[in-house]
Structure formats: structure tokens, C-alpha cells
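Dumped final.txt below, it's compact mmCIF, C-alpha atoms:
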```txt
# COMPACT_ATOMS: atom_id res chain seq x y z
CA MET Q 3 21.66 11.65 3.88
CA LYS Q 4 18.81 11.66 1.44
CA TYR Q 5 16.75 14.40 3.01
CA LEU Q 6 19.65 16.80 2.72
CA ALA Q 7 19.68 16.20 -1.01
CA ILE Q 8 16.68 18.47 -1.62
CA SER Q 9 17.68 21.00 -4.21
CA ALA Q 10 17.90 24.64 -3.16
CA PRO Q 11 15.06 25.79 -5.49
CA LEU Q 12 12.84 23.03 -4.17
CA LEU Q 13 13.63 24.00 -0.59
CA MET Q 14 12.84 27.63 -1.32
CA PHE Q 15 9.59 26.54 -2.90
CA LEU Q 16 8.65 24.46 0.13
CA LEU Q 17 9.48 27.22 2.57
CA ASP Q 18 7.43 29.54 0.44
CA VAL Q 19 4.42 27.24 0.32
CA VAL Q 20 4.50 26.45 4.01
CA GLY Q 21 5.03 30.12 4.82
CA ASP Q 22 1.89 30.85 2.86
CA LEU Q 23 -0.27 28.78 5.16
CA LYS Q 24 -1.47 31.90 6.88
CA THR Q 25 -4.46 30.31 8.54
CA ASN Q 26 -2.10 27.94 10.25
CA GLU Q 27 1.29 29.53 10.46
CA ARG Q 28 2.91 26.91 12.65
CA GLN Q 29 2.06 24.03 10.36
CA VAL Q 30 4.98 21.62 10.13
CA PHE Q 31 5.80 20.09 6.77
CA GLU Q 32 9.07 18.41 5.96
CA ILE Q 33 10.46 15.80 3.59
CA ILE Q 34 12.29 13.13 5.56
CA ASP Q 35 14.02 9.82 5.00
CA PHE Q 36 13.42 6.64 6.95
CA ASP Q 37 16.30 7.17 9.38
CA ARG Q 38 14.82 10.46 10.39
CA PHE Q 39 11.39 8.90 10.82
CA GLU Q 40 12.83 6.12 12.92
CA SER Q 41 14.68 8.52 15.19
CA MET Q 42 11.46 10.52 15.62
CA THR Q 43 9.67 7.40 16.79
CA MET Q 44 12.48 6.56 19.21
CA GLU Q 45 12.31 9.91 20.98
CA LYS Q 46 10.95 9.92 24.50
CA SER Q 47 7.41 11.21 24.85
CA GLU Q 48 4.86 11.47 27.63
CA LYS Q 49 2.12 11.21 25.06
CA LEU Q 50 0.58 8.38 23.09
CA ARG Q 51 1.89 9.04 19.60
CA VAL Q 52 -0.29 8.28 16.61
CA TYR Q 53 1.46 8.12 13.24
CA ASN Q 54 -1.02 7.89 10.38
CA PHE Q 55 0.33 6.75 7.00
CA TRP Q 56 -1.61 8.32 4.15
CA ALA Q 57 -1.37 9.92 0.71
CA THR Q 58 -3.24 12.71 -1.05
CA TRP Q 59 -4.52 10.28 -3.70
CA CYS Q 60 -5.77 7.69 -1.18
CA ALA Q 61 -9.55 8.06 -0.77
CA PRO Q 62 -9.96 6.06 2.47
CA CYS Q 63 -7.00 7.95 3.97
CA ILE Q 64 -8.57 11.31 3.25
CA LYS Q 65 -11.88 10.13 4.63
CA GLU Q 66 -10.40 9.21 8.00
CA MET Q 67 -8.05 12.20 8.42
CA PRO Q 68 -10.66 14.50 10.00
CA TYR Q 69 -11.18 11.90 12.77
CA PHE Q 70 -7.50 12.05 13.68
CA GLU Q 71 -7.62 15.84 13.67
CA GLN Q 72 -10.78 15.89 15.76
CA ILE Q 73 -9.45 13.48 18.37
CA GLN Q 74 -6.19 15.46 18.55
CA GLU Q 75 -8.29 18.55 19.19
CA GLU Q 76 -10.22 16.82 21.99
CA ASP Q 77 -7.34 14.96 23.60
CA LYS Q 78 -4.05 16.70 24.33
CA ASP Q 79 -2.54 13.51 25.79
CA ILE Q 80 -2.01 12.18 22.31
CA GLU Q 81 0.17 13.45 19.51
CA VAL Q 82 -1.06 12.91 15.96
CA VAL Q 83 1.48 12.99 13.13
CA PHE Q 84 0.65 12.43 9.47
CA ILE Q 85 3.23 10.55 7.40
CA SER Q 86 2.64 11.09 3.69
CA MET Q 87 3.51 8.39 1.17
CA ASP Q 88 3.13 10.83 -1.70
CA ASP Q 89 5.68 11.15 -4.47
CA GLY Q 90 8.67 13.02 -3.03
CA ARG Q 91 9.28 14.61 -6.42
CA LYS Q 92 5.92 16.39 -6.17
CA PRO Q 93 5.65 17.76 -2.62
CA GLU Q 94 3.33 20.55 -3.76
CA ARG Q 95 0.54 17.98 -3.86
CA VAL Q 96 0.93 17.61 -0.11
CA THR Q 97 1.44 21.28 0.71
CA ASN Q 98 -1.60 22.21 -1.38
CA PHE Q 99 -3.62 19.56 0.41
CA ILE Q 100 -2.52 20.79 3.85
CA GLU Q 101 -3.53 24.30 2.95
CA LYS Q 102 -6.84 23.42 1.34
CA ARG Q 103 -7.95 21.11 4.16
CA ASN Q 104 -6.38 23.25 6.87
CA ILE Q 105 -4.56 20.29 8.40
CA LYS Q 106 -3.24 21.25 11.84
CA SER Q 107 -1.19 18.23 12.86
CA PRO Q 108 2.41 17.98 11.65
CA VAL Q 109 2.89 16.38 8.23
CA TYR Q 110 6.05 14.64 7.04
CA LEU Q 111 6.60 13.20 3.58
CA LEU Q 112 8.60 10.00 4.01
CA ASN Q 113 10.58 9.89 0.80
CA ASP Q 114 12.05 6.41 0.57
CA VAL Q 115 10.63 4.07 -2.08
CA ASP Q 116 12.78 1.07 -1.12
CA TYR Q 117 9.80 -0.03 0.94
CA ASN Q 118 10.82 -3.57 1.74
CA LYS Q 119 13.82 -2.20 3.63
CA TRP Q 120 11.73 -0.36 6.18
CA ILE Q 121 8.07 -1.48 6.42
CA ASP Q 122 8.89 -4.26 8.90
CA LYS Q 123 10.84 -1.76 11.02
CA VAL Q 124 7.65 0.28 11.39
CA SER Q 125 5.69 -2.85 12.26
CA GLU Q 126 5.73 -6.49 11.29
CA ASP Q 127 1.93 -6.33 11.40
CA TRP Q 128 1.86 -3.94 8.45
CA SER Q 129 1.63 -5.38 4.92
CA GLY Q 130 2.23 -1.94 3.40
CA ALA Q 131 -1.35 -1.07 2.46
CA ILE Q 132 -2.47 2.44 3.31
CA PRO Q 133 -4.13 3.82 5.30
CA GLY Q 134 -2.33 2.39 8.28
CA THR Q 135 -1.69 3.75 11.76
CA LEU Q 136 1.19 3.21 14.17
CA PHE Q 137 0.57 3.81 17.88
CA ILE Q 138 3.52 4.27 20.24
CA LYS Q 139 2.90 4.35 23.97
CA PRO Q 140 5.10 6.44 26.28
CA ASP Q 141 6.87 3.22 27.33
CA GLY Q 142 7.75 2.57 23.67
CA LEU Q 143 5.26 -0.24 23.04
CA ARG Q 144 4.06 -0.25 19.44
CA SER Q 145 0.81 -1.39 17.86
CA PHE Q 146 -0.22 -1.12 14.27
CA PHE Q 147 -3.64 -1.01 12.64
CA GLU Q 148 -3.86 -1.51 8.88
CA GLY Q 149 -6.98 -0.14 7.22
CA GLU Q 150 -9.48 2.67 7.49
CA VAL Q 151 -10.94 3.67 10.87
CA THR Q 152 -14.07 5.50 11.92
CA TYR Q 153 -14.03 8.16 14.64
CA GLU Q 154 -15.43 5.64 17.15
CA GLU Q 155 -12.94 2.95 16.22
CA LEU Q 156 -10.00 5.31 16.55
CA LYS Q 157 -11.25 6.60 19.89
CA SER Q 158 -11.68 3.06 21.13
CA MET Q 159 -8.16 2.07 20.04
CA ILE Q 160 -6.68 5.09 21.77
CA SER Q 161 -8.59 4.50 25.00
CA GLN Q 162 -7.38 0.89 25.09
CA LEU Q 163 -3.79 2.03 24.75
CA LYS Q 164 -3.93 4.63 27.48
CA MET M 3 -22.54 1.76 16.55
CA MET M 4 -19.51 1.58 18.77
CA THR M 5 -17.09 -1.07 17.75
CA VAL M 6 -15.04 -2.53 20.54
CA PHE M 7 -11.56 -3.72 19.73
CA SER M 8 -9.48 -6.06 21.71
CA LEU M 9 -5.79 -5.52 21.17
CA SER M 10 -5.25 -9.06 19.99
CA ALA M 11 -7.85 -8.55 17.29
CA TRP M 12 -5.71 -5.79 15.83
CA ALA M 13 -3.07 -8.08 14.55
CA GLN M 14 -3.47 -8.84 10.88
CA ASP M 15 -5.05 -12.21 10.40
CA SER M 16 -2.43 -14.42 8.90
CA GLN M 17 -4.88 -16.13 6.57
CA GLY M 18 -3.86 -16.52 2.99
CA TYR M 19 -0.98 -18.26 1.32
CA LYS M 20 2.58 -18.51 2.42
CA VAL M 21 5.46 -19.45 0.17
CA GLY M 22 5.34 -23.21 -0.35
CA ASP M 23 1.54 -23.46 -0.19
CA LYS M 24 -0.49 -24.94 -3.02
CA ALA M 25 -2.65 -22.27 -4.65
CA SER M 26 -6.22 -23.20 -5.42
CA ASP M 27 -7.57 -22.69 -8.90
CA PHE M 28 -10.09 -19.99 -9.80
CA LYS M 29 -12.33 -19.18 -12.70
CA LEU M 30 -12.71 -15.49 -13.34
CA GLN M 31 -13.98 -13.49 -16.28
CA ASN M 32 -11.46 -11.69 -18.43
CA VAL M 33 -12.01 -8.27 -20.00
CA ASP M 34 -12.40 -10.02 -23.39
CA GLY M 35 -15.34 -12.03 -22.02
CA SER M 36 -13.46 -15.34 -21.76
CA TRP M 37 -13.00 -17.22 -18.48
CA VAL M 38 -9.52 -17.63 -17.05
CA SER M 39 -8.33 -20.40 -14.74
CA LEU M 40 -4.93 -21.76 -13.77
CA SER M 41 -5.79 -25.21 -15.08
CA GLY M 42 -6.95 -23.70 -18.37
CA LEU M 43 -3.61 -22.07 -19.16
CA ASP M 44 -2.05 -23.59 -22.27
CA ASN M 45 1.47 -24.97 -21.91
CA SER M 46 2.03 -23.08 -18.71
CA LYS M 47 4.72 -23.84 -16.18
CA GLY M 48 3.12 -21.48 -13.69
CA ALA M 49 1.75 -17.97 -13.55
CA ILE M 50 2.50 -14.49 -12.27
CA VAL M 51 -0.71 -13.60 -10.44
CA ILE M 52 -0.92 -9.88 -9.65
CA PHE M 53 -3.71 -8.37 -7.57
CA SER M 54 -4.25 -5.11 -9.39
CA CYS M 55 -6.85 -2.47 -10.19
CA ASN M 56 -7.44 0.58 -12.40
CA THR M 57 -7.22 3.32 -9.81
CA CYS M 58 -4.09 2.88 -7.69
CA PRO M 59 -1.16 5.16 -8.58
CA TYR M 60 1.29 2.40 -7.69
CA VAL M 61 -0.42 0.07 -10.16
CA VAL M 62 -0.38 2.77 -12.84
CA ALA M 63 3.34 3.22 -12.20
CA TYR M 64 3.87 -0.52 -12.69
CA GLU M 65 1.59 -1.21 -15.69
CA ASP M 66 4.35 -0.94 -18.26
CA ARG M 67 6.53 -3.24 -16.17
CA MET M 68 3.64 -5.73 -15.88
CA ILE M 69 3.39 -5.71 -19.69
CA GLU M 70 7.14 -6.31 -19.96
CA LEU M 71 6.98 -9.19 -17.47
CA HIS M 72 4.24 -10.84 -19.50
CA LYS M 73 6.09 -10.36 -22.79
CA LYS M 74 9.24 -11.83 -21.32
CA PHE M 75 7.84 -14.69 -19.26
CA ALA M 76 4.57 -15.76 -20.93
CA PRO M 77 6.41 -17.32 -23.92
CA ILE M 78 8.42 -19.45 -21.47
CA GLY M 79 5.41 -20.57 -19.49
CA TYR M 80 4.71 -17.90 -16.86
CA PRO M 81 1.96 -15.53 -18.05
CA VAL M 82 0.80 -12.56 -16.02
CA ILE M 83 -2.78 -12.80 -14.73
CA ALA M 84 -3.92 -9.47 -13.31
CA ILE M 85 -6.86 -9.72 -10.91
CA ASN M 86 -8.96 -6.76 -9.81
CA SER M 87 -10.78 -7.48 -6.53
CA ASN M 88 -11.96 -3.98 -5.61
CA ASP M 89 -15.64 -3.43 -4.89
CA ASP M 90 -16.95 -1.18 -7.65
CA LYS M 91 -19.57 0.37 -5.40
CA ILE M 92 -16.83 1.75 -3.17
CA SER M 93 -14.45 2.40 -6.06
CA PRO M 94 -16.50 2.97 -9.25
CA GLY M 95 -13.30 3.45 -11.24
CA ASP M 96 -12.61 -0.25 -10.70
CA SER M 97 -15.78 -1.54 -12.40
CA PHE M 98 -15.57 -4.30 -15.00
CA GLU M 99 -16.42 -1.75 -17.71
CA ASN M 100 -13.52 0.44 -16.58
CA MET M 101 -11.24 -2.60 -16.52
CA LYS M 102 -12.09 -3.22 -20.18
CA LYS M 103 -11.32 0.39 -20.96
CA ARG M 104 -8.01 0.37 -19.08
CA SER M 105 -6.95 -2.88 -20.74
CA LYS M 106 -7.76 -1.48 -24.18
CA ASP M 107 -6.11 1.89 -23.57
CA LYS M 108 -2.90 0.31 -22.32
CA GLY M 109 -3.02 -2.65 -24.72
CA PHE M 110 -2.62 -5.22 -21.95
CA PRO M 111 -1.27 -8.41 -23.52
CA PHE M 112 -2.20 -10.34 -20.36
CA ALA M 113 -5.52 -11.49 -18.88
CA TYR M 114 -7.17 -8.89 -16.67
CA VAL M 115 -9.91 -10.60 -14.69
CA TYR M 116 -12.51 -9.50 -12.19
CA ASP M 117 -12.76 -11.10 -8.73
CA LYS M 118 -16.12 -9.54 -7.95
CA SER M 119 -16.89 -11.80 -4.99
CA GLN M 120 -13.39 -11.15 -3.55
CA ASP M 121 -13.15 -14.88 -2.84
CA VAL M 122 -9.87 -15.27 -4.73
CA ILE M 123 -8.04 -12.43 -3.01
CA LYS M 124 -9.27 -13.64 0.39
CA THR M 125 -8.02 -17.15 -0.36
CA TYR M 126 -4.64 -15.86 -1.51
CA GLY M 127 -4.34 -13.29 1.27
CA GLY M 128 -3.75 -10.26 -0.92
CA THR M 129 -3.91 -6.98 0.99
CA ARG M 130 -2.93 -4.27 -1.46
CA THR M 131 -2.38 -3.41 -5.09
CA PRO M 132 -0.12 -4.35 -6.72
CA HIS M 133 0.52 -7.62 -4.85
CA VAL M 134 2.32 -10.40 -6.73
CA TYR M 135 2.11 -14.20 -6.26
CA ILE M 136 4.46 -16.27 -8.40
CA LEU M 137 3.10 -19.76 -8.93
CA ASN M 138 5.09 -22.72 -10.22
CA LYS M 139 3.40 -25.79 -11.64
CA GLU M 140 4.60 -28.92 -9.89
CA GLY M 141 2.66 -31.96 -11.09
CA ASN M 142 -0.90 -30.75 -11.10
CA ASP M 143 -0.33 -28.25 -8.32
CA PHE M 144 0.43 -24.56 -8.54
CA VAL M 145 2.89 -23.90 -5.73
CA VAL M 146 3.47 -20.38 -4.36
CA LYS M 147 7.12 -19.43 -4.82
CA TYR M 148 7.15 -15.70 -4.11
CA ILE M 149 4.80 -13.13 -2.57
CA GLY M 150 5.32 -9.38 -2.69
CA ALA M 151 6.37 -6.43 -4.81
CA ILE M 152 7.53 -6.34 -8.43
CA ASP M 153 10.75 -4.50 -7.64
CA ASN M 154 12.14 -1.90 -5.25
CA ASN M 155 11.41 1.39 -7.02
CA TYR M 156 7.88 2.14 -8.19
CA GLN M 157 8.81 5.67 -9.26
CA ASP M 158 11.53 4.90 -11.71
CA ALA M 159 12.14 1.57 -13.44
CA SER M 160 15.67 2.64 -14.37
CA SER M 161 16.58 3.15 -10.71
CA VAL M 162 15.53 -0.32 -9.61
CA THR M 163 18.29 -2.18 -7.77
CA GLU M 164 16.32 -5.29 -6.84
CA ASN M 165 14.13 -7.01 -9.43
CA TYR M 166 12.28 -9.25 -7.01
CA VAL M 167 9.90 -10.92 -9.49
CA GLN M 168 12.41 -11.42 -12.29
CA ASN M 169 15.02 -12.79 -9.90
CA ALA M 170 12.52 -15.15 -8.29
CA LEU M 171 11.38 -16.43 -11.69
CA ASP M 172 14.96 -16.93 -12.87
CA GLU M 173 15.65 -18.95 -9.74
CA VAL M 174 12.45 -20.99 -10.08
CA MET M 175 13.23 -21.78 -13.72
CA ASN M 176 16.75 -22.84 -12.80
CA GLY M 177 15.43 -25.12 -10.08
CA LYS M 178 17.00 -23.02 -7.36
CA LYS M 179 15.47 -21.96 -4.09
CA VAL M 180 14.09 -18.43 -4.34
CA SER M 181 16.48 -16.24 -2.36
CA VAL M 182 14.01 -13.43 -1.60
CA GLU M 183 10.69 -15.19 -1.08
CA SER M 184 8.60 -12.33 0.16
CA THR M 185 8.74 -8.56 0.20
CA LYS M 186 6.55 -5.73 1.37
CA ALA M 187 5.67 -2.52 -0.40
CA ILE M 188 3.43 0.45 0.11
CA GLY M 189 0.28 -0.12 -1.90
CA CYS M 190 -3.37 0.78 -2.13
CA THR M 191 -5.66 -0.94 0.29
CA ILE M 192 -8.21 -3.35 -1.18
CA LYS M 193 -11.67 -1.78 -1.38
CA TRP M 194 -13.44 -4.54 0.55
CA THR M 195 -17.16 -5.03 0.16
CA LYS M 196 -18.93 -3.75 3.24
CA LYS M 197 -20.78 -6.40 5.15
CA ALA M 198 -24.53 -5.85 5.31
CA GLU M 199 -25.36 -4.08 8.55
```

Could I get this file's structure written as C-alpha cells?
Amino acid sequence: MKYLAISAPLLMFLLDVVGDLKTNERQVFEIIDFDRFESMTMEKSEKLRVYNFWATWCAPCIKEMPYFEQIQEEDKDIEVVFISMDDGRKPERVTNFIEKRNIKSPVYLLNDVDYNKWIDKVSEDWSGAIPGTLFIKPDGLRSFFEGEVTYEELKSMISQLK
Amino acid sequence: MMTVFSLSAWAQDSQGYKVGDKASDFKLQNVDGSWVSLSGLDNSKGAIVIFSCNTCPYVVAYEDRMIELHKKFAPIGYPVIAINSNDDKISPGDSFENMKKRSKDKGFPFAYVYDKSQDVIKTYGGTRTPHVYILNKEGNDFVVKYIGAIDNNYQDASSVTENYVQNALDEVMNGKKVSVESTKAIGCTIKWTKKAE
């Protein structure tokens, strides 16, 4: 599978970078393929899961990230996960970002550029523009919001889904 | 102010064109100062309309391929028209002045026009950059034949396995039905003008 094809030096580099996140030693960062992402979303969970699709170069994404982190901090009944659309050949952009911004929620870099094969499997309501956010209720029901959210908007969406 | 969402309002509005629709004409200013419209294209059989911008990394990755598409298809009647619809207050890098600069630096052989009012992208239903609409001239109408991505690998042109736009154009020119009429791709969101509060 694709995510096993990470070269050994790259893997060492990643472990090194993530290991260096001393302020946040349990920070999760991993490069994954779509199959892995899909199986993550299929897992059973008691929580409302919130998958935010973003990239380090995406200004509206970066603007809304602190709202996701804040709501995660306030509400332990949800689980926020950041899915990076950054270039899988340059993961240091993401690890540097995580460190600099002290991101606490798990971050995965979804490294599959054959987008048309998988965007509809995430949600048919998603055109592919980022930012975009997938919500999965404990019963498996999915909703998708494409576009930037404010803190209030995100809170309102979450409260409607609970 | 607290915005209240109803779940039904979350769904993307399905406004905009679908394959088979007739595209309306527009008149937008090009980086060279001229005005570009579909009806004003000389000897065209259609057009490759691409919602684009200066600032999106996906666009930057595709610029050379956009140039190649124009060089290949403009002489046979399907020129590229790149349209930037981003609000330059929200994204100053997408101003008309910066469009001129980008066009000059990259030597764009195609029209690069500014949809400042965002009316054109709203009519078409573009949501991201780059977002392609292939139009085919049928009588006096420009009919939408394909909506979506340029190909299936933004990172590396040599690793592309599906050339969506080229294949669709080949099929259109051969009078065949387009086999892949629409595709999705990750792209940069449009920087929509904020409504006055």
C-alpha cells in the first residue's frame, strides 16, 4: 500500500520531527493513503468526529483551525482530526506548522492526488475546495460543510448534530 | 452575531451549470486591456474556460499545462480563457495588477480575465481553482461538455494517467459523447466577496 512506501530516511526524519515536538509530546502525525483514511472513518466511535480538510498554504483553513482546537478543548464529546492536503513529498511543511502553532489534535497527511477517485467517497456534497469539514455521528451519519467557518458557526453545527 | 444553520442549508446549492447546459456569454477585461467574450472569439469552435487565480498552489502547478492546452487546442478552435474571480480585498495577491504581472512572468498565451463582480463564476457554478468548463459551439450556443479537473495528478504531469480535458476535447471534436463528463479535485476555495453587514 502507498503509505508503506515511505522511504526509510523520510520515516526517520518524520519520527525525528514529531519526537521534537516537546511541548506536545503525544502529537499524532502520519502520512496515510485514502484506504487508511476511509477505515478510520468507519471505526466505531461514541464521539461526534470532526475531520477538517486543510493545508498549510490555505489562508482560510489556517484562520479557522484555532476554532476547531478551541471547541475540542471545551467539548470532550467530539473528536477533531485535521486532514492535511499538503504535498506528501514535503511533509516537513506540516510538521513545522504543527510545532509552530502547537496544534494538539491529531494531524494526518492524506497523500493521494488521484482526487476524483475519492472525493465523492468522503461526501458527495464536497466539490473538493478546501477548507471543508466532514462530521460523522456515532451512528455513522455523515454531513459535510464546504467553506470557512467561524467559531460560532462551528459550534452551532456541532450542537445540531449532537 | 450567531448564525443559525439548518442541516438542509448545509448542502451545497446545486446552482451553476451541468453538462449539457448552454453557457451564457460574458464580457470581461483581459490583462492586456482588451475585453473578452465567447461571442467575440475568432473562428472558435468552443472554449476551455478555467476558473483560476494567481495564488493557489494547485493553479501554479497547472500553469504550464494550461499553456500547453492553449497551444494545442486554440489553433483548432478551443482557446483557453482563464478567469480570476477572487476578491482582491480578501486575497490581495489576486488583484488585476498582480494578474498582469503573473501573465507577463509566465508568458500566458491565453486570455486571463478578471471577474471582479463574481457574476460569471456564480453563473457557471465554479467552486474552486482550477475548475475547468469545456464549451462546444453548437449553432450560436456554447454548450457545456465537461466540468472538472485538468487531469489526475497535479504534482507531476509525467505521472498523469487520466487526461480528463484532453480526452473530453478529443471526444467532442470527434463528435463522440464525452465519456468522463465531470470530475472533482482538491482546489483552493474561491475568495468570495463578503456581503455588507

For chain Q against chain M, with a cut-off of 6 Å and counting only C-alpha atoms, what is the closest atom pair and its distance in Å to one decimal for every residue that makes the cut, ordered by chain and number, as CSV?
```
residue,atom,partner,partner_atom,distance
Q:Val115,CA,M:Asn155,CA,5.7
Q:Asp116,CA,M:Asn154,CA,5.1
Q:Tyr117,CA,M:Ala187,CA,5.0
Q:Asn118,CA,M:Lys186,CA,4.8
Q:Asp127,CA,M:Gln14,CA,6.0
Q:Gly130,CA,M:Ile188,CA,4.2
Q:Ala131,CA,M:Gly189,CA,4.8
Q:Ile132,CA,M:Thr191,CA,5.5
Q:Glu154,CA,M:Met4,CA,6.0
Q:Glu155,CA,M:Thr5,CA,6.0
```

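The closest residue to Glu45 of chain Q, picked from Q:Leu163, Q:Ile138, Q:Ala61, Q:Leu111 and counting all atoms listed in the file, is Q:Ile138.
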
Self-check item: Option closest in space to Leu40 of chain M, from M:Lys139, M:His72, M:Arg67, M:Lys124 [counting all atoms listed in the file]
Solution: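 Looking only at the distances to Leu40 of chain M, the closest residue turns out to be M:Lys139.
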
Could you check which of M:Glu183, M:Pro94, M:Asn142, M:Tyr114 is closest to Gly42 of chain M, using only C-alpha atoms?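 Ranked by minimum distance to Gly42 of chain M, first place goes to M:Asn142.
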
re atom CA of Val96 of chain Q and atom CA of Cys63 of chain Q: distance 13.1 Å

Around all the atoms of segment 155-170 of chain M listed in the file, with 3 Å of room on each side, what axis-aligned box do you get, giving centre and edge lengths in Å to one decimal, as AutoDock Vina command-line options?
```
--center_x 13.1 --center_y -4.7 --center_z -10.6 --size_x 16.4 --size_y 26.8 --size_z 13.5
```

* To do: Give the answer as one residue: which of M:Gln31, M:Asn138, M:Asn56, M:Gln168 has the shortest atom-to-atom distance to Gly95 of chain M, using only C-alpha atoms?
  =>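 Distance minimum relative to Gly95 of chain M lands on M:Asn56.
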